[in-house]
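Each remark here refers to the structure printed beneath this line.
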Number of protein chains: 2
Amino acid sequence: MIANPYYTSEFHGDYDVVPIGRLDLEEGGSIPDCRLSVATFGTLNEAKDNAILIPTWFSGTHQVWRDVYIGPDHALNPDEYFIVVVDQIGSGLSTSPHNADGPNSGIAMSKFPRVRIGDDVVAQERLLREHFGIERLALVVGGSMGAQQTYEWAVRFPDKVRRAAPIAGTAQNTPHDFLFAQTLVDTITADPGFAGGEYSSNAEVLAGLTRHAHLWAVMGFSTEFWKQEVWRALDFDSKEAFLAGFLEPYFTAMDPNDLLTQAWKWQRGDVARHTGGDLAAALGRITAKTFVMPIDEDMFFPVRDTAAEAALVPGAELRVVNDVLGHLGLFGVAPTYMPQIDQHLQDLLAIPA
Amino acid sequence: MIANPYYTSEFHGDYDVVPIGRLDLEEGGSIPDCRLSVATFGTLNEAKDNAILIPTWFSGTHQVWRDVYIGPDHALNPDEYFIVVVDQIGSGLSTSPHNADGPNSGIAMSKFPRVRIGDDVVAQERLLREHFGIERLALVVGGSMGAQQTYEWAVRFPDKVRRAAPIAGTAQNTPHDFLFAQTLVDTITADPGFAGGEYSSNAEVLAGLTRHAHLWAVMGFSTEFWKQEVWRALDFDSKEAFLAGFLEPYFTAMDPNDLLTQAWKWQRGDVARHTGGDLAAALGRITAKTFVMPIDEDMFFPVRDTAAEAALVPGAELRVVNDVLGHLGLFGVAPTYMPQIDQHLQDLLAIPA
């Protein structure tokens, strides 16, 4: 393992790292000592029926959910619900290439096995059941890769998910998304400092991680975000200053192998793996009351892709979120964003399920 | 200069290389012996009022116009018009970093000066006037960077342009486009084989040019192109085969410095340079009858950006072209593409001007 100060409580506040034992993986191989980083908010009631699960997105952690989405003024209200945010495998906080040590030292860095969305969901289900005694969830909600995991939960464990809210993501990754994620991967692996995954510090991959950040500038925000210079509202003087002060430090702090583990998973997210490739059959299994919540200006999870999936989920509603930021509207920067999210989630939580 | 077989008649058919003398550049410096590659179709009439000018797009040449857009069955009919396609400076056929020799040897490769859209247009005007005796154009039409040059013509030389048809491009480059083009640039310059622009063969920059092609896969086509697997209509079996058989060979044959010269120019295209930054004032100068022709699925020249400009051009019409291919619909691959282009250009050419 290598030390990376970004993946610590200093940057991420309080969280627990819970060992769930050996995790055998869909692609073969296993994580001998799988540990999941978990942040909880609120109290589990006696009936254990007020739990909400939030799986995380690419490069994101529980941090943004805690700071932006969860609170007494939000639908995700810890006064009412027991909210469990689980950082995904490869997030840098849960078991990941850069922090694999002890029993996991054989899978450190470039030797880390391929992990699928389904592996995360199986790990989360075990965590909830064995560690918290939770058998059913009032809601699973997540954005982007968190939406992939939300769909996977609803398809794989239909009896355990009462409501589902995939935000800005799909049940079956699109080919365009696959290609976009591949360009993200290539910015990292093309950096000579990556050294086949055996760098000794993420700083050695600074150039690749910086180019990685620049691709997010092109696809993560919308054309209108740049045209309207929305970054001025974030107190930057130029788009270059915004890149240098926001996206670049965000991504260059991260671990390259960790990002690659997540990207590989993102590229291959597909609930139709449960039904021999039949997406309609897979989504038809969902019994959760589902709100499909794309962001209107999202350039790589466009509304039409998510609407096509919503049409295959029994009883699902399409709830489009308007945000000029596009996909990275997920950060909740626009003042108009969270009121929409809260309204939709309130409506969803109000539906008996 | 270095030899590159792609930039020859073997690949590009017949064209003339016409010397226009020394070209002083907007950014300072000059091209001592500027040579423009020109392909003509049809005959200039005695009144010299049947000339159509076509400037070229990033990475493209007269070839695609000859093969797809020009012919007796098209609006761009050589039986009626004298059609002049001028390959842009840096295209690899006109004076470019890789072919600078003789009097231009001082500006070869990494020493090539910065060229602007306006420099191309000034060079083209000189070529038309001095070489062909053409003082007025029946039409200027171009796609993408060709649209940038079309707008530049209409703003800079309003008396010389009777009609203008910018396809899939803008008069003022958007910040999003700037950032996208920068990621294209960075794929090349990040390749150690680029060697600061002093490679001895484009083959040494194969990895960078390949990543360059992959970015075009993400932004050049539309999300629907990939989702609908439109590449199957081009006789490929997988998206990977399409990349390997189409986009990769297309870009890896090209010269890295030449592409960078074009990209720098693209990034900074802006007719408002003529009016102290006032875009409305610049576009207000246009007297040409103008059809603004975006492609509906274009991911980096979206319709709304082009519509906003069309609203500033006196009497302009917005004519949206429908093509699931997105920006690279410009290749004219979809059978439904050219009929639309022909209809719009026929309508435009039928308007007295």
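In the structure tokens, the first chain shown is A, the next is B, and so on; residue numbers restart at 1 for each chain, and ligands run from 1 in the order shown.
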message: At a cut-off of 8 Å, using only C-alpha atoms, what residues contact B:Tyr151? Leave out same-chain residues fewer than 5 positions from it and give the result as a VMD selection string.
response: chain B and resid 164 166 170 to 171 271
May I have a table of the residues of chain B lying at most 8 Å from chain A, giving each one's closest pair of atoms and their distance in Å to one decimal, counting only C-alpha atoms, ordered by chain and ascending residue number, as a tab-separated table?
residue	atom	partner	partner_atom	distance
B:Thr174	CA	A:Lys227	CA	6.5
B:Pro175	CA	A:Trp226	CA	5.8
B:His176	CA	A:Thr223	CA	5.4
B:Leu179	CA	A:Val218	CA	6.3
B:Phe180	CA	A:Val218	CA	5.7
B:Thr183	CA	A:Leu215	CA	6.7
B:Asp186	CA	A:Arg211	CA	7.6
B:Ala190	CA	A:Asp191	CA	7.9
B:Asp191	CA	A:Ala190	CA	8.0
B:Arg211	CA	A:Thr183	CA	7.4
B:His214	CA	A:Thr183	CA	6.8
B:Leu215	CA	A:Thr183	CA	6.7
B:Ala217	CA	A:Leu179	CA	7.4
B:Val218	CA	A:Phe180	CA	5.7
B:Ser222	CA	A:His176	CA	8.0
B:Thr223	CA	A:His176	CA	5.4
B:Trp226	CA	A:His176	CA	5.7
B:Lys227	CA	A:Pro175	CA	6.1
B:Phe300	CA	A:Thr223	CA	7.4
For the residues in that selection, give me C-alpha atoms as a tab-separated table (two decimals), in the first residue's frame.
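Output contents, as saved in part26.tsv:
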chain	number	residue	atom	x	y	z
B	174	THR	CA	-17.38	28.58	-27.44
B	175	PRO	CA	-15.45	27.97	-24.23
B	176	HIS	CA	-16.61	24.36	-24.24
B	179	LEU	CA	-11.65	22.99	-23.74
B	180	PHE	CA	-12.52	20.06	-25.97
B	183	THR	CA	-7.89	17.84	-24.74
B	186	ASP	CA	-2.95	17.39	-25.05
B	190	ALA	CA	1.63	14.36	-23.86
B	191	ASP	CA	3.06	11.59	-26.02
B	211	ARG	CA	-5.87	8.66	-28.13
B	214	HIS	CA	-10.60	8.07	-29.29
B	215	LEU	CA	-11.60	11.53	-28.09
B	217	ALA	CA	-15.19	8.89	-30.87
B	218	VAL	CA	-16.67	10.40	-27.71
B	222	SER	CA	-23.50	11.34	-30.78
B	223	THR	CA	-24.57	9.18	-27.86
B	226	TRP	CA	-23.17	4.51	-30.44
B	227	LYS	CA	-26.39	3.32	-28.83
B	300	PHE	CA	-19.83	20.38	-29.43
DSSP on the backbone: what in stretch 107-226 of chain B comes out helix (DSSP H, G or I), as a compact mmCIF listing (two decimals) with N, CA, C and O atoms, in the first residue's frame?
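Output saved as result-v8.txt:
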# COMPACT_ATOMS: atom_id res chain seq x y z
N ILE B 107 10.45 27.89 -40.62
CA ILE B 107 9.24 27.74 -39.80
C ILE B 107 8.74 26.30 -39.77
O ILE B 107 7.55 26.03 -39.57
N MET B 109 8.09 22.46 -38.59
CA MET B 109 7.79 21.68 -37.38
C MET B 109 7.47 22.59 -36.18
O MET B 109 6.56 23.40 -36.27
N SER B 110 8.19 22.45 -35.09
CA SER B 110 7.82 23.17 -33.87
C SER B 110 7.97 24.68 -34.02
O SER B 110 7.48 25.44 -33.18
N LYS B 111 8.64 25.13 -35.07
CA LYS B 111 8.85 26.57 -35.25
C LYS B 111 7.73 27.23 -36.06
O LYS B 111 7.78 28.43 -36.35
N ILE B 117 -7.80 31.96 -38.11
CA ILE B 117 -8.84 31.85 -39.14
C ILE B 117 -8.74 33.03 -40.12
O ILE B 117 -8.85 32.87 -41.34
N GLY B 118 -8.53 34.22 -39.57
CA GLY B 118 -8.44 35.41 -40.42
C GLY B 118 -7.28 35.33 -41.40
O GLY B 118 -7.36 35.85 -42.52
N ASP B 119 -6.18 34.72 -41.00
CA ASP B 119 -5.04 34.56 -41.92
C ASP B 119 -5.42 33.68 -43.10
O ASP B 119 -5.05 33.97 -44.24
N ASP B 120 -6.14 32.63 -42.82
CA ASP B 120 -6.59 31.77 -43.92
C ASP B 120 -7.46 32.53 -44.89
O ASP B 120 -7.33 32.41 -46.11
N VAL B 121 -8.38 33.32 -44.33
CA VAL B 121 -9.33 34.02 -45.19
C VAL B 121 -8.62 35.09 -46.02
O VAL B 121 -8.91 35.25 -47.22
N VAL B 122 -7.68 35.77 -45.43
CA VAL B 122 -6.89 36.74 -46.19
C VAL B 122 -6.12 36.04 -47.30
O VAL B 122 -6.06 36.51 -48.44
N ALA B 123 -5.56 34.90 -46.99
CA ALA B 123 -4.80 34.14 -48.00
C ALA B 123 -5.73 33.67 -49.12
O ALA B 123 -5.39 33.74 -50.31
N GLN B 124 -6.92 33.21 -48.75
CA GLN B 124 -7.87 32.73 -49.77
C GLN B 124 -8.34 33.88 -50.65
O GLN B 124 -8.49 33.72 -51.87
N GLU B 125 -8.58 35.04 -50.06
CA GLU B 125 -9.04 36.19 -50.84
C GLU B 125 -7.97 36.57 -51.87
O GLU B 125 -8.30 36.88 -53.03
N ARG B 126 -6.73 36.54 -51.41
CA ARG B 126 -5.64 36.87 -52.33
C ARG B 126 -5.55 35.85 -53.47
O ARG B 126 -5.38 36.20 -54.64
N LEU B 127 -5.66 34.60 -53.09
CA LEU B 127 -5.64 33.53 -54.10
C LEU B 127 -6.74 33.71 -55.14
O LEU B 127 -6.49 33.67 -56.36
N LEU B 128 -7.95 33.96 -54.67
CA LEU B 128 -9.08 34.08 -55.60
C LEU B 128 -8.90 35.28 -56.52
O LEU B 128 -9.17 35.21 -57.72
N ARG B 129 -8.46 36.38 -55.96
CA ARG B 129 -8.33 37.62 -56.72
C ARG B 129 -7.15 37.54 -57.69
O ARG B 129 -7.31 37.80 -58.89
N GLU B 130 -6.00 37.17 -57.18
CA GLU B 130 -4.79 37.23 -58.00
C GLU B 130 -4.66 36.05 -58.96
O GLU B 130 -4.16 36.20 -60.07
N HIS B 131 -5.09 34.90 -58.52
CA HIS B 131 -4.89 33.69 -59.32
C HIS B 131 -6.06 33.43 -60.26
O HIS B 131 -5.87 32.98 -61.38
N PHE B 132 -7.27 33.70 -59.78
CA PHE B 132 -8.46 33.38 -60.58
C PHE B 132 -9.20 34.62 -61.07
O PHE B 132 -10.12 34.51 -61.88
N MET B 145 -14.58 23.94 -38.84
CA MET B 145 -13.64 25.05 -39.05
C MET B 145 -13.91 25.74 -40.38
O MET B 145 -13.58 26.92 -40.56
N GLY B 146 -14.50 25.03 -41.33
CA GLY B 146 -14.90 25.67 -42.58
C GLY B 146 -16.03 26.67 -42.35
O GLY B 146 -16.13 27.70 -43.03
N ALA B 147 -16.88 26.39 -41.36
CA ALA B 147 -17.93 27.34 -40.98
C ALA B 147 -17.30 28.57 -40.33
O ALA B 147 -17.74 29.70 -40.56
N GLN B 148 -16.27 28.34 -39.51
CA GLN B 148 -15.58 29.48 -38.91
C GLN B 148 -15.03 30.40 -40.00
O GLN B 148 -15.14 31.63 -39.93
N GLN B 149 -14.42 29.80 -41.03
CA GLN B 149 -13.87 30.60 -42.13
C GLN B 149 -15.00 31.25 -42.95
O GLN B 149 -14.84 32.37 -43.45
N THR B 150 -16.11 30.56 -43.09
CA THR B 150 -17.25 31.12 -43.82
C THR B 150 -17.74 32.40 -43.13
O THR B 150 -17.96 33.43 -43.77
N TYR B 151 -17.91 32.32 -41.80
CA TYR B 151 -18.32 33.52 -41.05
C TYR B 151 -17.27 34.63 -41.18
O TYR B 151 -17.60 35.80 -41.32
N GLU B 152 -16.01 34.23 -41.09
CA GLU B 152 -14.94 35.22 -41.18
C GLU B 152 -14.98 35.94 -42.53
O GLU B 152 -14.83 37.16 -42.60
N TRP B 153 -15.22 35.19 -43.59
CA TRP B 153 -15.37 35.78 -44.92
C TRP B 153 -16.53 36.78 -44.94
O TRP B 153 -16.39 37.91 -45.43
N ALA B 154 -17.65 36.37 -44.41
CA ALA B 154 -18.87 37.20 -44.51
C ALA B 154 -18.75 38.48 -43.68
O ALA B 154 -19.33 39.51 -44.03
N VAL B 155 -17.96 38.41 -42.58
CA VAL B 155 -17.78 39.59 -41.72
C VAL B 155 -16.66 40.48 -42.25
O VAL B 155 -16.78 41.70 -42.28
N ARG B 156 -15.58 39.86 -42.71
CA ARG B 156 -14.40 40.61 -43.13
C ARG B 156 -14.58 41.22 -44.51
O ARG B 156 -14.11 42.34 -44.78
N PRO B 158 -17.70 41.68 -46.49
CA PRO B 158 -19.15 41.56 -46.76
C PRO B 158 -19.50 41.81 -48.23
O PRO B 158 -20.45 41.20 -48.74
N ASP B 159 -18.76 42.66 -48.91
CA ASP B 159 -19.09 42.97 -50.31
C ASP B 159 -18.73 41.83 -51.26
O ASP B 159 -19.14 41.84 -52.42
N LYS B 160 -17.95 40.91 -50.77
CA LYS B 160 -17.48 39.84 -51.65
C LYS B 160 -18.26 38.54 -51.50
O LYS B 160 -18.04 37.59 -52.25
N PRO B 175 -16.44 28.46 -25.20
CA PRO B 175 -15.45 27.97 -24.23
C PRO B 175 -15.43 26.44 -24.13
O PRO B 175 -14.36 25.85 -23.94
N HIS B 176 -16.60 25.82 -24.28
CA HIS B 176 -16.61 24.36 -24.24
C HIS B 176 -15.79 23.77 -25.39
O HIS B 176 -15.01 22.83 -25.21
N ASP B 177 -15.96 24.36 -26.57
CA ASP B 177 -15.18 23.92 -27.72
C ASP B 177 -13.68 24.12 -27.50
O ASP B 177 -12.87 23.30 -27.91
N PHE B 178 -13.36 25.23 -26.86
CA PHE B 178 -11.95 25.50 -26.57
C PHE B 178 -11.38 24.39 -25.70
O PHE B 178 -10.29 23.85 -25.97
N LEU B 179 -12.13 24.03 -24.67
CA LEU B 179 -11.65 22.99 -23.74
C LEU B 179 -11.56 21.64 -24.43
O LEU B 179 -10.62 20.87 -24.19
N PHE B 180 -12.56 21.33 -25.25
CA PHE B 180 -12.52 20.06 -25.97
C PHE B 180 -11.29 20.02 -26.89
O PHE B 180 -10.52 19.04 -26.88
N ALA B 181 -11.08 21.08 -27.65
CA ALA B 181 -9.92 21.09 -28.55
C ALA B 181 -8.62 20.98 -27.77
O ALA B 181 -7.65 20.38 -28.23
N GLN B 182 -8.61 21.56 -26.56
CA GLN B 182 -7.39 21.47 -25.75
C GLN B 182 -7.11 20.02 -25.35
O GLN B 182 -5.94 19.60 -25.32
N THR B 183 -8.15 19.25 -25.07
CA THR B 183 -7.89 17.84 -24.74
C THR B 183 -7.34 17.10 -25.96
O THR B 183 -6.51 16.20 -25.82
N LEU B 184 -7.78 17.51 -27.16
CA LEU B 184 -7.23 16.92 -28.38
C LEU B 184 -5.74 17.25 -28.50
O LEU B 184 -4.91 16.40 -28.81
N VAL B 185 -5.43 18.52 -28.26
CA VAL B 185 -4.03 18.96 -28.30
C VAL B 185 -3.20 18.16 -27.31
O VAL B 185 -2.11 17.66 -27.63
N ASP B 186 -3.73 18.02 -26.11
CA ASP B 186 -2.95 17.39 -25.05
C ASP B 186 -2.68 15.91 -25.31
O ASP B 186 -1.67 15.38 -24.85
N THR B 187 -3.58 15.23 -26.01
CA THR B 187 -3.29 13.82 -26.32
C THR B 187 -2.01 13.72 -27.13
O THR B 187 -1.25 12.76 -26.99
N ILE B 188 -1.80 14.71 -27.99
CA ILE B 188 -0.60 14.68 -28.86
C ILE B 188 0.65 15.11 -28.11
O ILE B 188 1.67 14.42 -28.11
N THR B 189 0.55 16.26 -27.44
CA THR B 189 1.77 16.80 -26.81
C THR B 189 2.20 15.95 -25.61
O THR B 189 3.37 15.99 -25.23
N PRO B 192 5.34 11.09 -25.27
CA PRO B 192 6.79 11.36 -25.27
C PRO B 192 7.38 11.36 -26.69
O PRO B 192 8.35 12.07 -26.96
N GLY B 193 6.77 10.60 -27.59
CA GLY B 193 7.26 10.56 -28.97
C GLY B 193 7.09 11.88 -29.70
O GLY B 193 7.71 12.10 -30.75
N PHE B 194 6.25 12.75 -29.19
CA PHE B 194 6.04 14.07 -29.82
C PHE B 194 7.32 14.90 -29.75
O PHE B 194 7.62 15.68 -30.66
N ALA B 195 8.06 14.72 -28.68
CA ALA B 195 9.40 15.33 -28.56
C ALA B 195 9.36 16.83 -28.82
O ALA B 195 10.18 17.37 -29.57
N GLY B 196 8.39 17.51 -28.22
CA GLY B 196 8.31 18.95 -28.38
C GLY B 196 8.08 19.38 -29.81
O GLY B 196 8.37 20.51 -30.20
N GLY B 197 7.53 18.48 -30.62
CA GLY B 197 7.22 18.81 -32.01
C GLY B 197 8.33 18.46 -32.98
O GLY B 197 8.23 18.72 -34.18
N ASN B 202 5.45 10.80 -38.03
CA ASN B 202 4.21 10.78 -37.25
C ASN B 202 4.05 9.43 -36.54
O ASN B 202 3.34 9.34 -35.54
N ALA B 203 4.71 8.40 -37.05
CA ALA B 203 4.62 7.08 -36.42
C ALA B 203 5.15 7.11 -34.99
O ALA B 203 4.74 6.30 -34.15
N GLU B 204 6.04 8.05 -34.72
CA GLU B 204 6.58 8.14 -33.36
C GLU B 204 5.53 8.68 -32.37
O GLU B 204 5.73 8.60 -31.16
N VAL B 205 4.45 9.23 -32.90
CA VAL B 205 3.41 9.80 -32.05
C VAL B 205 2.13 8.97 -32.18
O VAL B 205 1.02 9.43 -31.94
N LEU B 206 2.32 7.71 -32.54
CA LEU B 206 1.18 6.82 -32.79
C LEU B 206 0.25 6.72 -31.58
O LEU B 206 -0.98 6.80 -31.72
N ALA B 207 0.82 6.58 -30.39
CA ALA B 207 -0.03 6.44 -29.19
C ALA B 207 -0.87 7.70 -28.97
O ALA B 207 -2.07 7.62 -28.68
N GLY B 208 -0.24 8.85 -29.12
CA GLY B 208 -0.97 10.11 -28.92
C GLY B 208 -2.05 10.31 -29.98
O GLY B 208 -3.16 10.73 -29.67
N LEU B 209 -1.71 10.01 -31.22
CA LEU B 209 -2.69 10.17 -32.29
C LEU B 209 -3.85 9.19 -32.13
O LEU B 209 -5.00 9.50 -32.48
N THR B 210 -3.57 8.03 -31.58
CA THR B 210 -4.63 7.05 -31.33
C THR B 210 -5.58 7.55 -30.24
O THR B 210 -6.80 7.47 -30.37
N ARG B 211 -5.00 8.09 -29.18
CA ARG B 211 -5.87 8.66 -28.13
C ARG B 211 -6.66 9.85 -28.67
O ARG B 211 -7.81 10.07 -28.29
N HIS B 212 -6.03 10.59 -29.56
CA HIS B 212 -6.71 11.68 -30.25
C HIS B 212 -7.95 11.15 -30.97
O HIS B 212 -9.05 11.70 -30.84
N ALA B 213 -7.79 10.07 -31.69
CA ALA B 213 -8.92 9.45 -32.40
C ALA B 213 -10.01 9.04 -31.42
O ALA B 213 -11.21 9.17 -31.71
N HIS B 214 -9.61 8.55 -30.27
CA HIS B 214 -10.60 8.07 -29.29
C HIS B 214 -11.42 9.21 -28.70
O HIS B 214 -12.60 9.03 -28.39
N LEU B 215 -10.81 10.37 -28.55
CA LEU B 215 -11.60 11.53 -28.09
C LEU B 215 -12.63 11.92 -29.13
O LEU B 215 -13.75 12.33 -28.81
N TRP B 216 -12.25 11.80 -30.40
CA TRP B 216 -13.23 12.08 -31.46
C TRP B 216 -14.38 11.09 -31.41
O TRP B 216 -15.52 11.43 -31.75
N ALA B 217 -14.10 9.88 -30.99
CA ALA B 217 -15.19 8.89 -30.87
C ALA B 217 -16.23 9.36 -29.85
O ALA B 217 -17.43 9.16 -30.04
N VAL B 218 -15.77 9.99 -28.79
CA VAL B 218 -16.67 10.40 -27.71
C VAL B 218 -17.46 11.66 -28.07
O VAL B 218 -18.65 11.76 -27.80
N MET B 219 -16.78 12.63 -28.69
CA MET B 219 -17.42 13.92 -28.96
C MET B 219 -17.84 14.09 -30.42
O MET B 219 -18.75 14.86 -30.71
N THR B 223 -24.27 10.32 -28.73
CA THR B 223 -24.57 9.18 -27.86
C THR B 223 -25.46 8.17 -28.58
O THR B 223 -25.30 6.97 -28.41
N GLU B 224 -26.38 8.69 -29.40
CA GLU B 224 -27.30 7.80 -30.12
C GLU B 224 -26.59 7.02 -31.24
O GLU B 224 -26.98 5.90 -31.56
N PHE B 225 -25.58 7.63 -31.85
CA PHE B 225 -24.80 6.92 -32.86
C PHE B 225 -24.28 5.61 -32.28
O PHE B 225 -24.38 4.54 -32.88
N TRP B 226 -23.73 5.71 -31.07
CA TRP B 226 -23.17 4.51 -30.44
C TRP B 226 -24.26 3.58 -29.94
O TRP B 226 -24.15 2.36 -30.06
field: Pairwise distance for atom CA of B:Phe236 and atom CA of B:Pro249, rounded to one decimal in Å
entry: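 Distance between the two atoms: 14.3 Å.
In this model, the gap between atom CA of B:Tyr199 and atom CA of B:Pro256 comes to 9.1 Å.
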message: Residues near B:Asn50, anyone? I mean within 10 Å using only C-alpha atoms, not counting same-chain ones fewer than 4 positions away, as a ChimeraX atom specification.
response: /B:42-46,78,80-83,134,136-139
Would you save the residues from that selection as a PDB file, in the first residue's frame, using N, CA, C and O atoms?
ATOM      1  N   GLY B  42     -15.623  22.496 -62.258  1.00  0.00           N
ATOM      2  CA  GLY B  42     -16.443  23.361 -63.100  1.00  0.00           C
ATOM      3  C   GLY B  42     -15.608  24.466 -63.731  1.00  0.00           C
ATOM      4  O   GLY B  42     -14.377  24.466 -63.652  1.00  0.00           O
ATOM      5  N   THR B  43     -16.311  25.412 -64.325  1.00  0.00           N
ATOM      6  CA  THR B  43     -15.654  26.445 -65.114  1.00  0.00           C
ATOM      7  C   THR B  43     -16.118  27.832 -64.666  1.00  0.00           C
ATOM      8  O   THR B  43     -17.319  28.050 -64.457  1.00  0.00           O
ATOM      9  N   LEU B  44     -15.179  28.721 -64.525  1.00  0.00           N
ATOM     10  CA  LEU B  44     -15.519  30.100 -64.178  1.00  0.00           C
ATOM     11  C   LEU B  44     -16.131  30.768 -65.407  1.00  0.00           C
ATOM     12  O   LEU B  44     -15.544  30.734 -66.497  1.00  0.00           O
ATOM     13  N   ASN B  45     -17.313  31.337 -65.235  1.00  0.00           N
ATOM     14  CA  ASN B  45     -17.954  31.977 -66.395  1.00  0.00           C
ATOM     15  C   ASN B  45     -17.304  33.332 -66.708  1.00  0.00           C
ATOM     16  O   ASN B  45     -16.451  33.810 -65.953  1.00  0.00           O
ATOM     17  N   GLU B  46     -17.736  33.928 -67.795  1.00  0.00           N
ATOM     18  CA  GLU B  46     -17.082  35.154 -68.232  1.00  0.00           C
ATOM     19  C   GLU B  46     -17.286  36.298 -67.239  1.00  0.00           C
ATOM     20  O   GLU B  46     -16.387  37.095 -66.997  1.00  0.00           O
ATOM     21  N   PRO B  78     -20.893  21.346 -60.488  1.00  0.00           N
ATOM     22  CA  PRO B  78     -19.824  21.934 -61.319  1.00  0.00           C
ATOM     23  C   PRO B  78     -20.283  22.268 -62.738  1.00  0.00           C
ATOM     24  O   PRO B  78     -19.565  22.965 -63.458  1.00  0.00           O
ATOM     25  N   GLU B  80     -22.783  24.124 -63.230  1.00  0.00           N
ATOM     26  CA  GLU B  80     -23.297  25.490 -63.082  1.00  0.00           C
ATOM     27  C   GLU B  80     -22.291  26.436 -62.440  1.00  0.00           C
ATOM     28  O   GLU B  80     -22.257  27.629 -62.733  1.00  0.00           O
ATOM     29  N   TYR B  81     -21.523  25.870 -61.499  1.00  0.00           N
ATOM     30  CA  TYR B  81     -20.662  26.728 -60.676  1.00  0.00           C
ATOM     31  C   TYR B  81     -19.181  26.371 -60.859  1.00  0.00           C
ATOM     32  O   TYR B  81     -18.829  25.242 -61.223  1.00  0.00           O
ATOM     33  N   PHE B  82     -18.366  27.372 -60.592  1.00  0.00           N
ATOM     34  CA  PHE B  82     -16.927  27.143 -60.504  1.00  0.00           C
ATOM     35  C   PHE B  82     -16.608  27.016 -59.012  1.00  0.00           C
ATOM     36  O   PHE B  82     -16.683  28.000 -58.264  1.00  0.00           O
ATOM     37  N   ILE B  83     -16.326  25.806 -58.599  1.00  0.00           N
ATOM     38  CA  ILE B  83     -16.202  25.500 -57.175  1.00  0.00           C
ATOM     39  C   ILE B  83     -14.726  25.368 -56.815  1.00  0.00           C
ATOM     40  O   ILE B  83     -13.994  24.583 -57.423  1.00  0.00           O
ATOM     41  N   ILE B 134     -11.204  36.417 -59.304  1.00  0.00           N
ATOM     42  CA  ILE B 134     -12.549  36.389 -58.708  1.00  0.00           C
ATOM     43  C   ILE B 134     -12.648  37.478 -57.636  1.00  0.00           C
ATOM     44  O   ILE B 134     -11.839  37.521 -56.709  1.00  0.00           O
ATOM     45  N   ARG B 136     -15.961  38.418 -56.381  1.00  0.00           N
ATOM     46  CA  ARG B 136     -17.164  38.164 -55.578  1.00  0.00           C
ATOM     47  C   ARG B 136     -17.523  36.703 -55.656  1.00  0.00           C
ATOM     48  O   ARG B 136     -17.330  36.071 -56.699  1.00  0.00           O
ATOM     49  N   LEU B 137     -18.097  36.223 -54.567  1.00  0.00           N
ATOM     50  CA  LEU B 137     -18.426  34.802 -54.490  1.00  0.00           C
ATOM     51  C   LEU B 137     -19.938  34.602 -54.439  1.00  0.00           C
ATOM     52  O   LEU B 137     -20.635  35.273 -53.663  1.00  0.00           O
ATOM     53  N   ALA B 138     -20.419  33.679 -55.242  1.00  0.00           N
ATOM     54  CA  ALA B 138     -21.843  33.346 -55.194  1.00  0.00           C
ATOM     55  C   ALA B 138     -22.205  32.726 -53.854  1.00  0.00           C
ATOM     56  O   ALA B 138     -23.317  32.880 -53.338  1.00  0.00           O
ATOM     57  N   LEU B 139     -21.219  32.029 -53.272  1.00  0.00           N
ATOM     58  CA  LEU B 139     -21.468  31.304 -52.017  1.00  0.00           C
ATOM     59  C   LEU B 139     -20.135  30.962 -51.368  1.00  0.00           C
ATOM     60  O   LEU B 139     -19.179  30.606 -52.054  1.00  0.00           O
TER      61      LEU B 139
END
- request: Excluding A:Gly315 and residues on its chain fewer than 2 positions from it, collect all residues at most 7 Å away from it, counting only C-alpha atoms, and give them as a PyMOL selection string.
  value: chain A and resi 289+313+317
Limited to C-alpha atoms, could you put the picked residues into a file as a compact mmCIF listing (two decimals), in the first residue's frame?
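Output below, filename again10.txt:
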# COMPACT_ATOMS: atom_id res chain seq x y z
CA LYS A 289 -41.25 2.13 -6.31
CA VAL A 313 -39.30 -0.49 -14.78
CA GLU A 317 -41.72 7.68 -12.79
message: Would you pick out the contacts of A:Arg319 at 8 Å or less, using only C-alpha atoms, so that residues sharing its chain but fewer than 5 positions from it are not included, and give the list as a list in words?
response: Phe291, Val292, Met293, Pro294 and His344 of chain A
task: Using DSSP on the backbone coordinates, identify all residues within stretch 103-260 of chain A classified as strand (DSSP E); present the result as a PyMOL selection string.
output: chain A and resi 139-143+163-167
For C-alpha atoms, I'd like the residues from the last selection saved as a PDB file, in the first residue's frame.
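What ended up in result-v8.pdb:
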ATOM      1  CA  LEU A 139     -34.829   3.585  -0.113  1.00  0.00           C
ATOM      2  CA  VAL A 140     -31.698   3.076  -2.130  1.00  0.00           C
ATOM      3  CA  VAL A 141     -30.530   6.307  -3.750  1.00  0.00           C
ATOM      4  CA  GLY A 142     -27.329   7.111  -5.585  1.00  0.00           C
ATOM      5  CA  GLY A 143     -25.944   9.240  -8.384  1.00  0.00           C
ATOM      6  CA  ARG A 163     -37.968   2.407  -3.120  1.00  0.00           C
ATOM      7  CA  ALA A 164     -35.205   3.264  -5.557  1.00  0.00           C
ATOM      8  CA  ALA A 165     -33.938   6.585  -6.883  1.00  0.00           C
ATOM      9  CA  PRO A 166     -31.193   6.299  -9.480  1.00  0.00           C
ATOM     10  CA  ILE A 167     -29.964   9.847 -10.176  1.00  0.00           C
TER      11      ILE A 167
END
